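Worksheet: one structure, shown below.
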Amino acid sequence: MAVAYVQTTAPIARRALVSRLLEDERWLALALFLPTVIILGLFIAYPFVEGVVLAITNARVGVPGHFIGLSNFEKLWNDSIFRTAVWNTFWYTGVTTVFKLALGLWLALLLNRHFKGKALTRAFVLLPFIIPTVLSTFAWKWMFDPTFSVINWSLYRLGLIHGRINWLSDPDLAMISVIIVNVWRGVPFYAISLLAGLQTINPELQEAAAIDGARPWQRFWHVTWPLLLPVTMVVVLFSIIQTFADFQLVYVLTGGGPANATQLFATYAYQVGIGTGLLSEGAAISLAMFPVLLIVVIVQLLYIRRVETH
């Protein structure tokens, strides 16, 4: 009887203990937070630490390597292709961010108006962002093809050109082409995000400013823009991080060429680390992005905090 009593009461006691633990908010918070910590540790912290370890060794494919300190970074400092990749990455990120912000804000203001088919138009605007990057980039690669290019055909029919333009083979035009595709793909993210921010602004503020005699531009600059600025800074922050580490789009279009004209951090790291098997040098190239992105994140977060507290 005693054994049966113990077997019967044991599950009840365990259930009571679990119930008390779940009722305690500290244990409940820990239980909910633990899966997130595990996921972040496995998929973010561990790869980052492994990348740091690789960057300070001379590891190659099939060879573990040994500690060499900052030798890989010293080698990069004297690498002309790496310096080209640094310049291209900053130029690529800066230009695309400006255009995506300007076009995205303009599109968000248009979509914030009331017109027929507004819901369908908003859904259509998202298409470039929804389509897989590789698939849409292959379509753009065909559009830039010197022989079968629909762009060249259109320009020729309009009388603007009289011969073929090698969009992706010319060092100057290749970067312009890559920037165009990135802007096309990134504008929907800006537009939808800024549209969400616009819809949180009370319309009565605009009406009050209009009654006071403010023109549309004045209402935007003095009423809409200050309230939209925190959302804009967050969107720009995410966009800069994503663009700075862009790989798929550039790799499919040009592979970093011609003559390294579109070589970026990510494409060069892939070519060195995977293409030649020098894992440590590829990791060092990738890790070189980290200080820049860290500074960008800290500056923008401080600015966002200052804006929200004023």
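Simple scheme: letters A, B, ... for chains in structure tokens order, numbers from 1 for residues in each chain, numbers from 1 for ligands in the order shown.
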TODO: Find the residues near segment 97-104 of chain A: any atom within 10 Å, counting only C-alpha atoms, skip ones fewer than 4 places away on the same chain, and give them as an MDAnalysis selection string.
DONE: chainID A and resid 91:93 108:110 179:180 182:195 232 235:237 239:240 243
Could you write out the selected residues, including C-alpha atoms, as a PDB file, in the first residue's frame?
```
ATOM      1  CA  TRP A  91      30.261  53.532 -52.321  1.00  0.00           C
ATOM      2  CA  TYR A  92      27.706  50.818 -53.059  1.00  0.00           C
ATOM      3  CA  THR A  93      26.127  51.069 -49.597  1.00  0.00           C
ATOM      4  CA  ALA A 108       5.236  55.666 -48.927  1.00  0.00           C
ATOM      5  CA  LEU A 109       3.719  59.160 -49.138  1.00  0.00           C
ATOM      6  CA  LEU A 110       1.859  58.157 -52.320  1.00  0.00           C
ATOM      7  CA  ILE A 179      23.260  49.698 -57.752  1.00  0.00           C
ATOM      8  CA  ILE A 180      20.109  49.868 -59.918  1.00  0.00           C
ATOM      9  CA  ASN A 182      19.814  46.799 -55.343  1.00  0.00           C
ATOM     10  CA  VAL A 183      17.691  49.957 -55.306  1.00  0.00           C
ATOM     11  CA  TRP A 184      14.883  48.165 -57.178  1.00  0.00           C
ATOM     12  CA  ARG A 185      14.921  45.363 -54.647  1.00  0.00           C
ATOM     13  CA  GLY A 186      15.282  47.554 -51.538  1.00  0.00           C
ATOM     14  CA  VAL A 187      12.724  50.296 -52.204  1.00  0.00           C
ATOM     15  CA  PRO A 188       9.697  48.132 -51.194  1.00  0.00           C
ATOM     16  CA  PHE A 189      11.209  47.507 -47.752  1.00  0.00           C
ATOM     17  CA  TYR A 190      11.604  51.252 -47.213  1.00  0.00           C
ATOM     18  CA  ALA A 191       8.187  52.054 -48.658  1.00  0.00           C
ATOM     19  CA  ILE A 192       6.200  49.569 -46.562  1.00  0.00           C
ATOM     20  CA  SER A 193       8.159  50.324 -43.369  1.00  0.00           C
ATOM     21  CA  LEU A 194       7.813  54.093 -43.765  1.00  0.00           C
ATOM     22  CA  LEU A 195       4.145  53.675 -44.713  1.00  0.00           C
ATOM     23  CA  THR A 232      13.349  56.072 -40.657  1.00  0.00           C
ATOM     24  CA  VAL A 235      14.893  51.239 -41.373  1.00  0.00           C
ATOM     25  CA  VAL A 236      18.134  52.865 -42.567  1.00  0.00           C
ATOM     26  CA  LEU A 237      20.093  50.978 -39.904  1.00  0.00           C
ATOM     27  CA  SER A 239      19.274  48.529 -44.679  1.00  0.00           C
ATOM     28  CA  ILE A 240      22.895  49.588 -44.184  1.00  0.00           C
ATOM     29  CA  THR A 243      23.596  46.194 -47.989  1.00  0.00           C
TER      30      THR A 243
END
```
Task: Spatial neighbours of Val297 of chain A, max dist 12 Å, only C-alpha atoms, sep filter under 2 positions, as a list in words - done: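 Everything that qualifies: Met233, Val234, Val235, Val236, Leu237, Phe238, Ser239, Ile240, Ile241, Phe290, Pro291, Val292, Leu293, Leu294, Ile295, Val299, Gln300, Leu301, Leu302, Tyr303 and Ile304 of chain A.
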Output of the above residues as a PDB file, in the first residue's frame, restricted to N, CA and C atoms:
```pdb
ATOM      1  N   MET A 233      15.205  56.036 -39.084  1.00  0.00           N
ATOM      2  CA  MET A 233      16.546  55.679 -38.648  1.00  0.00           C
ATOM      3  C   MET A 233      16.681  54.180 -38.437  1.00  0.00           C
ATOM      4  N   VAL A 234      15.645  53.539 -37.920  1.00  0.00           N
ATOM      5  CA  VAL A 234      15.681  52.082 -37.729  1.00  0.00           C
ATOM      6  C   VAL A 234      15.728  51.383 -39.086  1.00  0.00           C
ATOM      7  N   VAL A 235      14.912  51.845 -40.033  1.00  0.00           N
ATOM      8  CA  VAL A 235      14.893  51.239 -41.373  1.00  0.00           C
ATOM      9  C   VAL A 235      16.244  51.414 -42.050  1.00  0.00           C
ATOM     10  N   VAL A 236      16.826  52.601 -41.955  1.00  0.00           N
ATOM     11  CA  VAL A 236      18.134  52.865 -42.567  1.00  0.00           C
ATOM     12  C   VAL A 236      19.207  51.992 -41.917  1.00  0.00           C
ATOM     13  N   LEU A 237      19.116  51.810 -40.610  1.00  0.00           N
ATOM     14  CA  LEU A 237      20.093  50.978 -39.904  1.00  0.00           C
ATOM     15  C   LEU A 237      20.072  49.550 -40.429  1.00  0.00           C
ATOM     16  N   PHE A 238      18.890  48.957 -40.513  1.00  0.00           N
ATOM     17  CA  PHE A 238      18.787  47.593 -41.030  1.00  0.00           C
ATOM     18  C   PHE A 238      19.242  47.520 -42.484  1.00  0.00           C
ATOM     19  N   SER A 239      18.899  48.534 -43.266  1.00  0.00           N
ATOM     20  CA  SER A 239      19.274  48.529 -44.679  1.00  0.00           C
ATOM     21  C   SER A 239      20.783  48.619 -44.855  1.00  0.00           C
ATOM     22  N   ILE A 240      21.442  49.454 -44.071  1.00  0.00           N
ATOM     23  CA  ILE A 240      22.895  49.588 -44.184  1.00  0.00           C
ATOM     24  C   ILE A 240      23.578  48.270 -43.843  1.00  0.00           C
ATOM     25  N   ILE A 241      23.129  47.621 -42.776  1.00  0.00           N
ATOM     26  CA  ILE A 241      23.725  46.339 -42.382  1.00  0.00           C
ATOM     27  C   ILE A 241      23.546  45.301 -43.483  1.00  0.00           C
ATOM     28  N   PHE A 290      33.144  43.988 -39.362  1.00  0.00           N
ATOM     29  CA  PHE A 290      32.521  44.091 -38.048  1.00  0.00           C
ATOM     30  C   PHE A 290      32.743  45.444 -37.371  1.00  0.00           C
ATOM     31  N   PRO A 291      33.978  45.975 -37.301  1.00  0.00           N
ATOM     32  CA  PRO A 291      34.150  47.280 -36.625  1.00  0.00           C
ATOM     33  C   PRO A 291      33.327  48.392 -37.261  1.00  0.00           C
ATOM     34  N   VAL A 292      33.253  48.387 -38.606  1.00  0.00           N
ATOM     35  CA  VAL A 292      32.496  49.433 -39.297  1.00  0.00           C
ATOM     36  C   VAL A 292      31.013  49.330 -38.962  1.00  0.00           C
ATOM     37  N   LEU A 293      30.470  48.131 -39.049  1.00  0.00           N
ATOM     38  CA  LEU A 293      29.052  47.942 -38.745  1.00  0.00           C
ATOM     39  C   LEU A 293      28.755  48.231 -37.279  1.00  0.00           C
ATOM     40  N   LEU A 294      29.683  47.887 -36.397  1.00  0.00           N
ATOM     41  CA  LEU A 294      29.489  48.162 -34.970  1.00  0.00           C
ATOM     42  C   LEU A 294      29.408  49.659 -34.715  1.00  0.00           C
ATOM     43  N   ILE A 295      30.280  50.423 -35.355  1.00  0.00           N
ATOM     44  CA  ILE A 295      30.253  51.885 -35.195  1.00  0.00           C
ATOM     45  C   ILE A 295      28.949  52.456 -35.737  1.00  0.00           C
ATOM     46  N   VAL A 299      26.287  54.484 -33.362  1.00  0.00           N
ATOM     47  CA  VAL A 299      25.962  55.883 -33.660  1.00  0.00           C
ATOM     48  C   VAL A 299      24.472  56.049 -33.915  1.00  0.00           C
ATOM     49  N   GLN A 300      23.890  55.162 -34.720  1.00  0.00           N
ATOM     50  CA  GLN A 300      22.475  55.303 -35.045  1.00  0.00           C
ATOM     51  C   GLN A 300      21.580  55.025 -33.846  1.00  0.00           C
ATOM     52  N   LEU A 301      21.943  54.055 -33.021  1.00  0.00           N
ATOM     53  CA  LEU A 301      21.129  53.775 -31.834  1.00  0.00           C
ATOM     54  C   LEU A 301      21.181  54.942 -30.854  1.00  0.00           C
ATOM     55  N   LEU A 302      22.346  55.557 -30.693  1.00  0.00           N
ATOM     56  CA  LEU A 302      22.450  56.737 -29.838  1.00  0.00           C
ATOM     57  C   LEU A 302      21.614  57.892 -30.389  1.00  0.00           C
ATOM     58  N   TYR A 303      21.637  58.047 -31.719  1.00  0.00           N
ATOM     59  CA  TYR A 303      20.861  59.115 -32.338  1.00  0.00           C
ATOM     60  C   TYR A 303      19.362  58.855 -32.179  1.00  0.00           C
ATOM     61  N   ILE A 304      18.951  57.595 -32.374  1.00  0.00           N
ATOM     62  CA  ILE A 304      17.534  57.248 -32.215  1.00  0.00           C
ATOM     63  C   ILE A 304      17.087  57.503 -30.773  1.00  0.00           C
TER      64      ILE A 304
END
```
- [ ] Write out as a VMD selection string each polymer residue whose atoms come within 12 Å of Leu279 of chain A, counting only C-alpha atoms; drop sequence neighbours fewer than 2 positions from it.
- [x] chain A and resid 50 to 65 72 269 to 277 281 to 286
Next, write the just-selected residues to a file, as a short mmCIF file (atom, residue, chain, number, x, y, z; two decimals), in the first residue's frame, keeping N, CA and C atoms as the atom set.
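result-v9.cif was written with the following content:
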```cif
data_model
loop_
_atom_site.label_atom_id
_atom_site.label_comp_id
_atom_site.auth_asym_id
_atom_site.auth_seq_id
_atom_site.Cartn_x
_atom_site.Cartn_y
_atom_site.Cartn_z
N GLU A 50 33.63 31.30 -34.05
CA GLU A 50 34.40 30.44 -34.96
C GLU A 50 35.08 31.27 -36.04
N GLY A 51 34.42 32.31 -36.52
CA GLY A 51 35.03 33.20 -37.50
C GLY A 51 36.22 33.94 -36.94
N VAL A 52 36.11 34.40 -35.69
CA VAL A 52 37.24 35.09 -35.04
C VAL A 52 38.42 34.14 -34.88
N VAL A 53 38.13 32.91 -34.47
CA VAL A 53 39.21 31.92 -34.30
C VAL A 53 39.89 31.64 -35.64
N LEU A 54 39.10 31.49 -36.71
CA LEU A 54 39.69 31.25 -38.03
C LEU A 54 40.55 32.42 -38.49
N ALA A 55 40.10 33.65 -38.19
CA ALA A 55 40.81 34.84 -38.67
C ALA A 55 42.19 35.00 -38.05
N ILE A 56 42.43 34.41 -36.89
CA ILE A 56 43.74 34.55 -36.24
C ILE A 56 44.57 33.28 -36.36
N THR A 57 44.20 32.42 -37.29
CA THR A 57 44.98 31.22 -37.57
C THR A 57 45.32 31.20 -39.06
N ASN A 58 46.06 30.20 -39.49
CA ASN A 58 46.36 30.03 -40.91
C ASN A 58 45.66 28.79 -41.46
N ALA A 59 44.43 28.58 -41.02
CA ALA A 59 43.67 27.40 -41.42
C ALA A 59 43.34 27.44 -42.91
N ARG A 60 43.39 26.25 -43.53
CA ARG A 60 42.98 26.06 -44.92
C ARG A 60 42.03 24.87 -44.97
N VAL A 61 41.48 24.64 -46.12
CA VAL A 61 40.58 23.50 -46.27
C VAL A 61 41.35 22.21 -45.99
N GLY A 62 40.90 21.45 -44.99
CA GLY A 62 41.55 20.21 -44.63
C GLY A 62 42.73 20.36 -43.69
N VAL A 63 43.12 21.61 -43.38
CA VAL A 63 44.26 21.86 -42.49
C VAL A 63 43.78 22.75 -41.35
N PRO A 64 43.81 22.26 -40.09
CA PRO A 64 43.31 23.06 -38.96
C PRO A 64 44.05 24.37 -38.78
N GLY A 65 45.36 24.38 -39.00
CA GLY A 65 46.13 25.60 -38.84
C GLY A 65 46.51 25.86 -37.40
N ASN A 72 46.93 37.80 -40.78
CA ASN A 72 45.97 37.86 -41.89
C ASN A 72 45.48 39.28 -42.13
N ALA A 269 35.51 37.90 -49.79
CA ALA A 269 35.69 36.89 -48.74
C ALA A 269 35.33 35.51 -49.27
N TYR A 270 34.28 35.42 -50.07
CA TYR A 270 33.88 34.14 -50.64
C TYR A 270 34.94 33.62 -51.62
N GLN A 271 35.44 34.51 -52.47
CA GLN A 271 36.44 34.09 -53.45
C GLN A 271 37.72 33.59 -52.79
N VAL A 272 38.15 34.28 -51.74
CA VAL A 272 39.38 33.90 -51.06
C VAL A 272 39.15 32.68 -50.17
N GLY A 273 38.08 32.72 -49.37
CA GLY A 273 37.85 31.65 -48.41
C GLY A 273 37.39 30.35 -49.02
N ILE A 274 36.44 30.42 -49.97
CA ILE A 274 35.88 29.22 -50.57
C ILE A 274 36.55 28.90 -51.90
N GLY A 275 36.78 29.92 -52.72
CA GLY A 275 37.36 29.69 -54.04
C GLY A 275 38.78 29.17 -54.01
N THR A 276 39.60 29.70 -53.11
CA THR A 276 40.99 29.26 -53.01
C THR A 276 41.25 28.36 -51.82
N GLY A 277 40.28 28.20 -50.93
CA GLY A 277 40.44 27.33 -49.77
C GLY A 277 41.17 27.95 -48.61
N GLU A 281 41.99 33.55 -44.24
CA GLU A 281 42.01 34.87 -44.89
C GLU A 281 40.60 35.31 -45.27
N GLY A 282 39.77 34.36 -45.69
CA GLY A 282 38.37 34.70 -45.98
C GLY A 282 37.65 35.17 -44.73
N ALA A 283 37.92 34.50 -43.60
CA ALA A 283 37.32 34.91 -42.33
C ALA A 283 37.80 36.29 -41.92
N ALA A 284 39.06 36.59 -42.17
CA ALA A 284 39.61 37.90 -41.82
C ALA A 284 38.95 39.00 -42.64
N ILE A 285 38.70 38.72 -43.92
CA ILE A 285 38.01 39.71 -44.76
C ILE A 285 36.60 39.96 -44.25
N SER A 286 35.90 38.90 -43.91
CA SER A 286 34.54 39.05 -43.37
C SER A 286 34.55 39.80 -42.05
#
```
TODO: Calculate how many Å separate atom CA of Gly197 of chain A from atom CA of Ala210 of chain A, rounding to one decimal.
DONE: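 Going from atom CA of Gly197 of chain A over to atom CA of Ala210 of chain A, I get 20.5 Å.
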Open item on the list: Please report the interatomic distance between atom CA of Lys118 of chain A and atom CA of Leu105 of chain A in Å with one decimal.
Closed with: 16.6 Å
- [ ] Find the residue from A:Ser177, A:Ser280, A:Thr224, A:Thr267 that sits nearest to Leu205 of chain A; use only C-alpha atoms when measuring.
- [x]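 Ranking A:Ser177, A:Ser280, A:Thr224, A:Thr267 by distance to Leu205 of chain A, first place goes to A:Thr224.
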TODO: Please identify which residues in segment 121-225 of chain A DSSP calls helix (DSSP H, G or I) from the backbone, and express them as a count of residues only.
DONE: 75
Contacts of Ala208 of chain A at 12 Å (only C-alpha atoms; same-chain gap of 6+ positions) as an mmCIF file with N, CA and C atoms, in the first residue's frame:
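Contents of the output file out_19.cif:
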```cif
data_model
loop_
_atom_site.group_PDB
_atom_site.id
_atom_site.type_symbol
_atom_site.label_atom_id
_atom_site.label_comp_id
_atom_site.auth_asym_id
_atom_site.auth_seq_id
_atom_site.Cartn_x
_atom_site.Cartn_y
_atom_site.Cartn_z
ATOM 1 N N ASN A 202 -0.980 60.981 -36.187
ATOM 2 C CA ASN A 202 -2.368 61.452 -36.070
ATOM 3 C C ASN A 202 -2.690 62.434 -37.204
ATOM 4 N N ALA A 214 -0.079 76.339 -43.186
ATOM 5 C CA ALA A 214 1.153 75.678 -43.620
ATOM 6 C C ALA A 214 0.931 75.005 -44.966
ATOM 7 N N ARG A 215 1.911 75.145 -45.846
ATOM 8 C CA ARG A 215 1.859 74.506 -47.152
ATOM 9 C C ARG A 215 2.201 73.016 -47.014
ATOM 10 N N ARG A 219 4.166 71.273 -43.997
ATOM 11 C CA ARG A 219 3.539 70.273 -43.124
ATOM 12 C C ARG A 219 4.384 69.016 -43.052
ATOM 13 N N VAL A 223 5.997 68.659 -39.444
ATOM 14 C CA VAL A 223 5.071 67.799 -38.704
ATOM 15 C C VAL A 223 5.370 66.320 -38.968
#
```
Spatial neighbours of segment 171-174 of chain A, 10 Å, only C-alpha atoms, chain gap at least 6 places, as a tab-separated table (two decimals) with C-alpha atoms, in the first residue's frame:
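Here's the written file out.tsv:
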```
chain	number	residue	atom	x	y	z
A	144	PHE	CA	21.50	43.58	-68.98
A	165	ILE	CA	26.00	48.39	-74.34
A	180	ILE	CA	20.11	49.87	-59.92
A	250	VAL	CA	26.48	41.01	-56.76
A	253	LEU	CA	25.29	39.60	-61.62
A	254	THR	CA	29.05	40.09	-61.86
A	256	GLY	CA	32.81	40.88	-58.30
A	257	GLY	CA	34.04	41.72	-61.80
A	258	PRO	CA	34.90	42.98	-64.27
A	259	ALA	CA	38.45	43.57	-63.01
A	260	ASN	CA	37.13	43.79	-59.41
A	261	ALA	CA	34.99	46.79	-60.32
A	262	THR	CA	32.09	45.45	-58.23
```
Open item on the list: Restricting the calculation to only C-alpha atoms: of A:Thr36, A:Thr96, A:Asn152, A:Thr84, which residue gets closest to Phe244 of chain A?
Closed with: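 Once distances to Phe244 of chain A are computed over only C-alpha atoms, the minimum belongs to A:Thr96.
Among the candidates A:Ser71, A:Asn78, A:Thr133, A:Gln199, the one nearest to Arg113 of chain A when counting only C-alpha atoms is A:Gln199.
A straight line drawn from atom CA of Ile44 of chain A to atom CA of Ala31 of chain A is 20.3 Å long.
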